[in-house]
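The file query-v7.cif contains mmCIF, N, CA and C atoms:
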data_protein
loop_
_atom_site.label_atom_id
_atom_site.label_comp_id
_atom_site.auth_asym_id
_atom_site.auth_seq_id
_atom_site.Cartn_x
_atom_site.Cartn_y
_atom_site.Cartn_z
N MET C 1 32.31 90.31 -67.09
CA MET C 1 32.72 88.94 -67.21
C MET C 1 34.16 88.90 -67.70
N ALA C 2 34.98 88.07 -67.09
CA ALA C 2 36.40 88.01 -67.40
C ALA C 2 36.65 87.37 -68.76
N ALA C 3 37.65 87.89 -69.44
CA ALA C 3 38.05 87.33 -70.73
C ALA C 3 38.77 86.01 -70.50
N LEU C 4 38.80 85.19 -71.54
CA LEU C 4 39.42 83.87 -71.45
C LEU C 4 40.82 83.89 -72.05
N THR C 5 41.70 83.11 -71.46
CA THR C 5 43.03 82.94 -72.03
C THR C 5 42.93 81.95 -73.20
N ILE C 6 43.96 81.88 -73.99
CA ILE C 6 43.96 80.94 -75.10
C ILE C 6 43.89 79.50 -74.59
N GLY C 7 44.53 79.23 -73.47
CA GLY C 7 44.47 77.90 -72.88
C GLY C 7 43.06 77.54 -72.42
N GLN C 8 42.35 78.50 -71.87
CA GLN C 8 40.98 78.24 -71.44
C GLN C 8 40.07 77.98 -72.64
N VAL C 9 40.24 78.75 -73.71
CA VAL C 9 39.44 78.52 -74.91
C VAL C 9 39.76 77.14 -75.47
N ALA C 10 41.03 76.79 -75.52
CA ALA C 10 41.44 75.48 -76.03
C ALA C 10 40.82 74.36 -75.19
N HIS C 11 40.87 74.52 -73.89
CA HIS C 11 40.32 73.50 -72.98
C HIS C 11 38.81 73.37 -73.16
N ARG C 12 38.12 74.48 -73.24
CA ARG C 12 36.65 74.46 -73.35
C ARG C 12 36.17 73.95 -74.70
N THR C 13 36.94 74.14 -75.76
CA THR C 13 36.49 73.77 -77.11
C THR C 13 37.13 72.50 -77.65
N GLY C 14 38.23 72.06 -77.05
CA GLY C 14 38.94 70.90 -77.56
C GLY C 14 39.79 71.19 -78.78
N VAL C 15 40.04 72.46 -79.03
CA VAL C 15 40.85 72.88 -80.19
C VAL C 15 42.24 73.26 -79.68
N ALA C 16 43.26 72.82 -80.36
CA ALA C 16 44.64 73.11 -79.96
C ALA C 16 44.90 74.62 -80.01
N THR C 17 45.76 75.08 -79.10
CA THR C 17 46.10 76.51 -79.09
C THR C 17 46.74 76.93 -80.40
N SER C 18 47.49 76.04 -81.03
CA SER C 18 48.11 76.39 -82.32
C SER C 18 47.03 76.65 -83.38
N ALA C 19 45.95 75.87 -83.35
CA ALA C 19 44.84 76.09 -84.30
C ALA C 19 44.16 77.41 -84.01
N LEU C 20 43.97 77.74 -82.74
CA LEU C 20 43.34 79.01 -82.38
C LEU C 20 44.18 80.19 -82.87
N ARG C 21 45.49 80.09 -82.70
CA ARG C 21 46.37 81.16 -83.18
C ARG C 21 46.30 81.27 -84.70
N TYR C 22 46.27 80.12 -85.38
CA TYR C 22 46.18 80.11 -86.84
C TYR C 22 44.86 80.71 -87.30
N TRP C 23 43.77 80.30 -86.67
CA TRP C 23 42.46 80.85 -87.04
C TRP C 23 42.41 82.35 -86.80
N GLU C 24 43.08 82.79 -85.76
CA GLU C 24 43.12 84.23 -85.52
C GLU C 24 43.93 84.93 -86.62
N GLU C 25 45.01 84.31 -87.03
CA GLU C 25 45.83 84.85 -88.12
C GLU C 25 45.02 84.97 -89.41
N LEU C 26 44.11 84.02 -89.62
CA LEU C 26 43.25 84.04 -90.82
C LEU C 26 42.06 84.98 -90.68
N GLY C 27 41.86 85.51 -89.47
CA GLY C 27 40.76 86.44 -89.25
C GLY C 27 39.46 85.77 -88.82
N LEU C 28 39.51 84.48 -88.51
CA LEU C 28 38.32 83.77 -88.07
C LEU C 28 37.97 84.10 -86.62
N LEU C 29 38.98 84.42 -85.83
CA LEU C 29 38.81 84.77 -84.42
C LEU C 29 39.50 86.10 -84.15
N THR C 30 39.08 86.75 -83.09
CA THR C 30 39.76 87.97 -82.65
C THR C 30 40.04 87.89 -81.17
N SER C 31 41.08 88.54 -80.77
CA SER C 31 41.43 88.63 -79.36
C SER C 31 41.96 90.02 -79.08
N VAL C 32 42.05 90.33 -77.82
CA VAL C 32 42.72 91.56 -77.40
C VAL C 32 43.99 91.14 -76.67
N ARG C 33 44.92 92.03 -76.59
CA ARG C 33 46.19 91.73 -75.94
C ARG C 33 46.28 92.45 -74.60
N THR C 34 46.84 91.75 -73.64
CA THR C 34 47.07 92.36 -72.32
C THR C 34 48.34 93.20 -72.40
N ALA C 35 48.65 93.88 -71.32
CA ALA C 35 49.88 94.66 -71.25
C ALA C 35 51.10 93.76 -71.44
N GLY C 36 50.97 92.49 -71.05
CA GLY C 36 52.05 91.52 -71.22
C GLY C 36 51.98 90.80 -72.56
N ASN C 37 51.16 91.30 -73.50
CA ASN C 37 51.01 90.78 -74.85
C ASN C 37 50.40 89.37 -74.90
N GLN C 38 49.61 89.02 -73.90
CA GLN C 38 48.91 87.74 -73.91
C GLN C 38 47.53 87.92 -74.53
N ARG C 39 47.11 86.90 -75.26
CA ARG C 39 45.78 86.93 -75.89
C ARG C 39 44.69 86.77 -74.84
N ARG C 40 43.60 87.50 -75.04
CA ARG C 40 42.40 87.33 -74.24
C ARG C 40 41.21 87.30 -75.19
N TYR C 41 40.35 86.32 -74.98
CA TYR C 41 39.19 86.12 -75.85
C TYR C 41 37.91 86.38 -75.08
N ASP C 42 36.94 86.95 -75.78
CA ASP C 42 35.61 87.11 -75.22
C ASP C 42 34.98 85.72 -75.10
N ARG C 43 34.09 85.54 -74.15
CA ARG C 43 33.44 84.24 -73.96
C ARG C 43 32.68 83.78 -75.20
N SER C 44 32.21 84.71 -76.00
CA SER C 44 31.47 84.34 -77.21
C SER C 44 32.37 83.63 -78.22
N THR C 45 33.67 83.69 -78.02
CA THR C 45 34.61 83.00 -78.90
C THR C 45 34.36 81.50 -78.88
N ILE C 46 33.89 80.98 -77.75
CA ILE C 46 33.60 79.54 -77.65
C ILE C 46 32.54 79.16 -78.68
N ARG C 47 31.50 79.97 -78.82
CA ARG C 47 30.46 79.68 -79.82
C ARG C 47 31.03 79.81 -81.23
N ARG C 48 31.88 80.79 -81.45
CA ARG C 48 32.47 80.99 -82.78
C ARG C 48 33.35 79.79 -83.14
N VAL C 49 34.13 79.31 -82.18
CA VAL C 49 34.97 78.13 -82.42
C VAL C 49 34.08 76.92 -82.72
N SER C 50 32.99 76.78 -82.00
CA SER C 50 32.05 75.68 -82.24
C SER C 50 31.48 75.76 -83.65
N PHE C 51 31.17 76.96 -84.11
CA PHE C 51 30.69 77.17 -85.47
C PHE C 51 31.74 76.71 -86.48
N ILE C 52 32.98 77.11 -86.26
CA ILE C 52 34.07 76.74 -87.17
C ILE C 52 34.23 75.23 -87.22
N ARG C 53 34.24 74.60 -86.05
CA ARG C 53 34.39 73.14 -85.99
C ARG C 53 33.24 72.43 -86.68
N ALA C 54 32.01 72.89 -86.47
CA ALA C 54 30.85 72.27 -87.12
C ALA C 54 30.95 72.41 -88.63
N ALA C 55 31.36 73.57 -89.09
CA ALA C 55 31.50 73.80 -90.53
C ALA C 55 32.60 72.90 -91.11
N GLN C 56 33.68 72.72 -90.37
CA GLN C 56 34.74 71.83 -90.83
C GLN C 56 34.25 70.38 -90.91
N ARG C 57 33.45 69.98 -89.93
CA ARG C 57 32.95 68.60 -89.92
C ARG C 57 32.09 68.28 -91.13
N VAL C 58 31.42 69.27 -91.68
CA VAL C 58 30.62 69.01 -92.88
C VAL C 58 31.45 69.19 -94.15
N GLY C 59 32.73 69.44 -93.99
CA GLY C 59 33.63 69.45 -95.14
C GLY C 59 33.99 70.81 -95.71
N LEU C 60 33.63 71.88 -95.03
CA LEU C 60 33.95 73.21 -95.55
C LEU C 60 35.41 73.54 -95.29
N THR C 61 35.99 74.29 -96.19
CA THR C 61 37.37 74.74 -96.02
C THR C 61 37.39 75.97 -95.11
N LEU C 62 38.54 76.29 -94.59
CA LEU C 62 38.66 77.50 -93.77
C LEU C 62 38.34 78.75 -94.58
N GLU C 63 38.65 78.72 -95.87
CA GLU C 63 38.31 79.87 -96.72
C GLU C 63 36.81 80.04 -96.84
N GLU C 64 36.09 78.94 -96.99
CA GLU C 64 34.63 79.01 -97.06
C GLU C 64 34.04 79.48 -95.73
N ILE C 65 34.61 79.01 -94.66
CA ILE C 65 34.15 79.42 -93.33
C ILE C 65 34.40 80.91 -93.13
N ALA C 66 35.58 81.37 -93.52
CA ALA C 66 35.91 82.80 -93.38
C ALA C 66 34.93 83.65 -94.19
N ALA C 67 34.61 83.20 -95.40
CA ALA C 67 33.67 83.94 -96.24
C ALA C 67 32.30 84.00 -95.57
N ALA C 68 31.88 82.92 -94.97
CA ALA C 68 30.59 82.89 -94.28
C ALA C 68 30.60 83.84 -93.09
N LEU C 69 31.68 83.84 -92.34
CA LEU C 69 31.75 84.69 -91.15
C LEU C 69 31.76 86.18 -91.51
N THR C 70 32.27 86.51 -92.68
CA THR C 70 32.28 87.92 -93.09
C THR C 70 30.89 88.45 -93.41
N THR C 71 29.91 87.54 -93.58
CA THR C 71 28.55 87.98 -93.86
C THR C 71 27.79 88.38 -92.60
N LEU C 72 28.38 88.16 -91.45
CA LEU C 72 27.71 88.49 -90.20
C LEU C 72 27.91 89.97 -89.87
N PRO C 73 26.88 90.61 -89.38
CA PRO C 73 27.02 92.03 -89.04
C PRO C 73 28.01 92.24 -87.90
N GLN C 74 28.86 93.21 -88.06
CA GLN C 74 29.83 93.61 -87.04
C GLN C 74 30.67 92.44 -86.54
N ALA C 75 30.93 91.47 -87.41
CA ALA C 75 31.76 90.31 -87.08
C ALA C 75 31.30 89.62 -85.81
N ARG C 76 29.99 89.57 -85.61
CA ARG C 76 29.47 88.97 -84.37
C ARG C 76 29.52 87.45 -84.43
N THR C 77 29.29 86.84 -83.30
CA THR C 77 29.28 85.39 -83.20
C THR C 77 28.03 84.85 -83.87
N PRO C 78 28.15 83.77 -84.63
CA PRO C 78 26.99 83.20 -85.33
C PRO C 78 25.93 82.70 -84.36
N THR C 79 24.69 82.88 -84.75
CA THR C 79 23.54 82.37 -83.99
C THR C 79 22.98 81.15 -84.71
N ALA C 80 21.98 80.53 -84.11
CA ALA C 80 21.31 79.39 -84.76
C ALA C 80 20.69 79.82 -86.08
N ALA C 81 20.12 81.03 -86.12
CA ALA C 81 19.53 81.54 -87.36
C ALA C 81 20.60 81.75 -88.43
N ASP C 82 21.77 82.23 -88.02
CA ASP C 82 22.88 82.39 -88.97
C ASP C 82 23.28 81.04 -89.55
N TRP C 83 23.40 80.03 -88.68
CA TRP C 83 23.79 78.69 -89.14
C TRP C 83 22.76 78.18 -90.14
N ALA C 84 21.48 78.36 -89.84
CA ALA C 84 20.42 77.89 -90.75
C ALA C 84 20.53 78.59 -92.10
N ARG C 85 20.74 79.89 -92.09
CA ARG C 85 20.85 80.65 -93.34
C ARG C 85 22.09 80.21 -94.12
N LEU C 86 23.21 80.12 -93.46
CA LEU C 86 24.45 79.75 -94.14
C LEU C 86 24.42 78.31 -94.62
N SER C 87 23.83 77.43 -93.83
CA SER C 87 23.81 76.02 -94.24
C SER C 87 22.96 75.82 -95.49
N ARG C 88 21.96 76.65 -95.70
CA ARG C 88 21.18 76.57 -96.94
C ARG C 88 22.06 76.87 -98.15
N THR C 89 22.99 77.81 -97.99
CA THR C 89 23.87 78.15 -99.11
C THR C 89 24.88 77.04 -99.39
N TRP C 90 25.14 76.19 -98.41
CA TRP C 90 26.11 75.11 -98.56
C TRP C 90 25.45 73.81 -99.01
N ARG C 91 24.14 73.76 -99.07
CA ARG C 91 23.43 72.50 -99.33
C ARG C 91 23.87 71.84 -100.64
N GLN C 92 23.94 72.58 -101.75
CA GLN C 92 24.31 71.98 -103.03
C GLN C 92 25.74 71.46 -102.98
N ARG C 93 26.63 72.21 -102.37
CA ARG C 93 28.01 71.77 -102.25
C ARG C 93 28.09 70.47 -101.46
N LEU C 94 27.33 70.38 -100.38
CA LEU C 94 27.32 69.17 -99.56
C LEU C 94 26.67 68.00 -100.30
N ASP C 95 25.61 68.27 -101.06
CA ASP C 95 24.99 67.22 -101.86
C ASP C 95 25.98 66.67 -102.88
N ASP C 96 26.75 67.55 -103.51
CA ASP C 96 27.77 67.12 -104.47
C ASP C 96 28.84 66.28 -103.77
N GLN C 97 29.23 66.70 -102.59
CA GLN C 97 30.24 65.97 -101.83
C GLN C 97 29.72 64.58 -101.44
N ILE C 98 28.48 64.49 -101.03
CA ILE C 98 27.88 63.20 -100.69
C ILE C 98 27.86 62.29 -101.91
N ALA C 99 27.49 62.83 -103.06
CA ALA C 99 27.47 62.03 -104.29
C ALA C 99 28.87 61.51 -104.63
N ARG C 100 29.89 62.36 -104.47
CA ARG C 100 31.27 61.92 -104.73
C ARG C 100 31.67 60.80 -103.78
N ILE C 101 31.31 60.93 -102.52
CA ILE C 101 31.67 59.91 -101.53
C ILE C 101 30.95 58.60 -101.83
N GLU C 102 29.68 58.68 -102.24
CA GLU C 102 28.94 57.47 -102.60
C GLU C 102 29.58 56.79 -103.81
N ARG C 103 29.98 57.58 -104.82
CA ARG C 103 30.66 57.00 -105.99
C ARG C 103 31.97 56.35 -105.57
N LEU C 104 32.71 57.03 -104.69
CA LEU C 104 33.97 56.47 -104.20
C LEU C 104 33.72 55.14 -103.51
N ARG C 105 32.71 55.09 -102.66
CA ARG C 105 32.37 53.85 -101.96
C ARG C 105 32.07 52.74 -102.96
N ASP C 106 31.26 53.04 -103.95
CA ASP C 106 30.87 52.03 -104.94
C ASP C 106 32.05 51.59 -105.79
N GLU C 107 32.89 52.52 -106.19
CA GLU C 107 34.06 52.18 -107.01
C GLU C 107 35.13 51.48 -106.19
N LEU C 108 35.20 51.78 -104.92
CA LEU C 108 36.17 51.12 -104.05
C LEU C 108 35.86 49.64 -103.95
N ASP C 109 34.59 49.30 -103.85
CA ASP C 109 34.20 47.89 -103.81
C ASP C 109 34.68 47.16 -105.05
N SER C 110 34.48 47.77 -106.23
CA SER C 110 34.88 47.10 -107.46
C SER C 110 36.40 47.07 -107.59
N CYS C 111 37.07 48.07 -107.10
CA CYS C 111 38.53 48.10 -107.19
C CYS C 111 39.13 47.00 -106.33
N ILE C 112 38.61 46.83 -105.15
CA ILE C 112 39.11 45.76 -104.28
C ILE C 112 38.83 44.41 -104.93
N GLY C 113 37.68 44.31 -105.61
CA GLY C 113 37.30 43.05 -106.28
C GLY C 113 38.24 42.69 -107.40
N CYS C 114 38.64 43.66 -108.22
CA CYS C 114 39.48 43.32 -109.37
C CYS C 114 40.96 43.31 -109.00
N GLY C 115 41.35 44.15 -108.07
CA GLY C 115 42.73 44.18 -107.61
C GLY C 115 43.72 44.73 -108.61
N CYS C 116 43.26 45.48 -109.60
CA CYS C 116 44.17 45.97 -110.65
C CYS C 116 45.20 46.94 -110.10
N LEU C 117 44.75 47.88 -109.29
CA LEU C 117 45.62 48.91 -108.72
C LEU C 117 46.45 49.63 -109.77
N SER C 118 45.91 49.75 -110.96
CA SER C 118 46.60 50.42 -112.05
C SER C 118 46.30 51.91 -112.03
N LEU C 119 47.32 52.73 -111.90
CA LEU C 119 47.12 54.17 -111.90
C LEU C 119 46.72 54.67 -113.29
N ARG C 120 47.04 53.92 -114.32
CA ARG C 120 46.72 54.34 -115.69
C ARG C 120 45.25 54.10 -116.03
N SER C 121 44.71 52.97 -115.60
CA SER C 121 43.36 52.63 -116.04
C SER C 121 42.32 52.58 -114.92
N CYS C 122 42.72 52.65 -113.69
CA CYS C 122 41.78 52.52 -112.57
C CYS C 122 40.84 53.73 -112.50
N ALA C 123 39.55 53.47 -112.50
CA ALA C 123 38.55 54.54 -112.44
C ALA C 123 38.58 55.24 -111.10
N LEU C 124 39.05 54.57 -110.07
CA LEU C 124 39.11 55.17 -108.74
C LEU C 124 40.28 56.15 -108.62
N ASN C 125 41.44 55.74 -109.07
CA ASN C 125 42.63 56.58 -108.95
C ASN C 125 42.76 57.61 -110.06
N ASN C 126 42.14 57.34 -111.21
CA ASN C 126 42.32 58.20 -112.37
C ASN C 126 41.00 58.34 -113.13
N PRO C 127 39.97 58.91 -112.49
CA PRO C 127 38.66 58.96 -113.14
C PRO C 127 38.64 59.90 -114.36
N SER C 128 38.02 59.44 -115.41
CA SER C 128 37.80 60.25 -116.61
C SER C 128 39.08 60.91 -117.12
N ASP C 129 40.16 60.16 -117.15
CA ASP C 129 41.44 60.72 -117.54
C ASP C 129 41.56 60.79 -119.06
N ALA C 130 41.24 61.94 -119.59
CA ALA C 130 41.30 62.13 -121.04
C ALA C 130 42.74 62.23 -121.53
N LEU C 131 43.68 62.52 -120.67
CA LEU C 131 45.07 62.68 -121.09
C LEU C 131 45.88 61.38 -121.00
N ALA C 132 45.29 60.30 -120.48
CA ALA C 132 46.02 59.05 -120.31
C ALA C 132 46.59 58.54 -121.62
N GLN C 133 45.87 58.76 -122.71
CA GLN C 133 46.34 58.27 -124.01
C GLN C 133 47.61 58.98 -124.47
N ARG C 134 47.95 60.13 -123.86
CA ARG C 134 49.16 60.85 -124.23
C ARG C 134 50.39 60.38 -123.46
N GLY C 135 50.19 59.43 -122.56
CA GLY C 135 51.31 58.85 -121.83
C GLY C 135 51.32 59.24 -120.37
N PRO C 136 52.23 58.64 -119.59
CA PRO C 136 52.30 58.90 -118.16
C PRO C 136 53.00 60.23 -117.86
N GLY C 137 52.83 60.69 -116.65
CA GLY C 137 53.55 61.90 -116.21
C GLY C 137 52.78 63.18 -116.47
N ALA C 138 53.47 64.27 -116.35
CA ALA C 138 52.88 65.61 -116.50
C ALA C 138 52.86 66.01 -117.96
N VAL C 139 51.95 65.39 -118.72
CA VAL C 139 51.95 65.61 -120.17
C VAL C 139 51.59 67.04 -120.54
N LEU C 140 50.89 67.76 -119.69
CA LEU C 140 50.56 69.15 -120.01
C LEU C 140 51.78 70.05 -119.90
N LEU C 141 52.79 69.62 -119.17
CA LEU C 141 53.98 70.44 -119.01
C LEU C 141 55.03 70.18 -120.09
N GLU C 142 54.81 69.14 -120.89
CA GLU C 142 55.76 68.83 -121.97
C GLU C 142 55.58 69.81 -123.12
N PRO C 143 56.67 70.14 -123.84
CA PRO C 143 56.54 71.08 -124.98
C PRO C 143 55.78 70.51 -126.13
#
Will you turn the file into structure tokens for me?
Amino acid sequence: MAALTIGQVAHRTGVATSALRYWEELGLLTSVRTAGNQRRYDRSTIRRVSFIRAAQRVGLTLEEIAAALTTLPQARTPTAADWARLSRTWRQRLDDQIARIERLRDELDSCIGCGCLSLRSCALNNPSDALAQRGPGAVLLEP
């Protein structure tokens, strides 16, 4: 089966070629080079890119995705079973993220209602700011 060019992978996955090159630089993807130094990707790269995109959609960072991919034997493409196993490890992180988003939604309603827009006292822009009483700015950097 013929290897895919970077343009073909980009077309099939909807990911920009610049992102594919960056992900390869980070070690998320691998390619081989032709005699003319052009990238060629195995067809399984499409599934790997889909895995990366799905992980990003649930809010994972590229670092977290890279860590997950390193748990796969022989750097193989993730399977449905891999996704199920890895997603269990992300469940608490995602639950925390959902809770933060729900709090943001609830606080946003009250912020729009009061219209204070105060960076010093607004719970939305400055939640639990224990340093506010020391004044504005980078108070930790002051002598």
May I ask for the distance between atom CA of Thr30 of chain C and atom CA of Thr45 of chain C, given in Å to one decimal place?
8.1 Å
Here is a test: counting all atoms listed in the file, which residue of C:Val49, C:Arg91, C:Pro78, C:Tyr41 is nearest to Leu4 of chain C?
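Distance minimum relative to Leu4 of chain C lands on C:Tyr41.
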Between atom C of Phe51 of chain C and atom N of Ala35 of chain C, distance in Å (one decimal):
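Between atom C of Phe51 of chain C and atom N of Ala35 of chain C the gap works out to 28.5 Å.
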Within segment 28-83 of chain C, find each residue whose DSSP state, derived from the backbone, is strand (DSSP E), and express the selection as a list of chain:residue names.
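The strand (DSSP E) residues within segment 28-83 of chain C come out as C:Val32, C:Arg33, C:Arg39, C:Arg40.
Across the model, the gap from atom N of Leu60 of chain C to atom C of Leu72 of chain C is 19.7 Å.
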Near-Leu69 of chain C list (8 Å; only N, CA and C atoms; drop same-chain fewer than 6 positions) as number ranges by chain
C: 28, 63, 75-76, 78
Given the point (38.6, 76.1, -80.6) in the file's coordinates, find the residues that have an atom at most 7 Å from it, counting only C-alpha atoms, and give them as a PyMOL selection string.
chain C and resi 9-10+13-16+20+46+49-50
Please identify all polymer residues within 6.5 Å of Thr77 of chain C, counting only N, CA and C atoms, omitting same-chain residues fewer than 5 positions from it, and present them as a PyMOL selection string.
chain C and resi 44+47-48
Save the residues we just selected, N, CA and C atoms, as a tab-separated table (two decimals), keeping the file's coordinate frame?
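Once everything was written out, this is out-v5.tsv:
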chain	number	residue	atom	x	y	z
C	44	SER	N	32.21	84.71	-76.00
C	44	SER	CA	31.47	84.34	-77.21
C	44	SER	C	32.37	83.63	-78.22
C	47	ARG	N	31.50	79.97	-78.82
C	47	ARG	CA	30.46	79.68	-79.82
C	47	ARG	C	31.03	79.81	-81.23
C	48	ARG	N	31.88	80.79	-81.45
C	48	ARG	CA	32.47	80.99	-82.78
C	48	ARG	C	33.35	79.79	-83.14
I need the residue set behind the PyMOL selection byres ((chain C and resi 2) around 8) for this file; please write it as a PyMOL selection string.
chain C and resi 1+3-5+40-43
Quick one: DSSP alpha helix (DSSP H) residues in segment 33-114 of chain C, as JSON, numbers by chain?
{"C": [45, 46, 47, 48, 49, 50, 51, 52, 53, 54, 55, 56, 57, 62, 63, 64, 65, 66, 67, 68, 69, 80, 81, 82, 83, 84, 85, 86, 87, 88, 89, 90, 91, 92, 93, 94, 95, 96, 97, 98, 99, 100, 101, 102, 103, 104, 105, 106, 107, 108, 109, 110, 111, 112, 113, 114]}
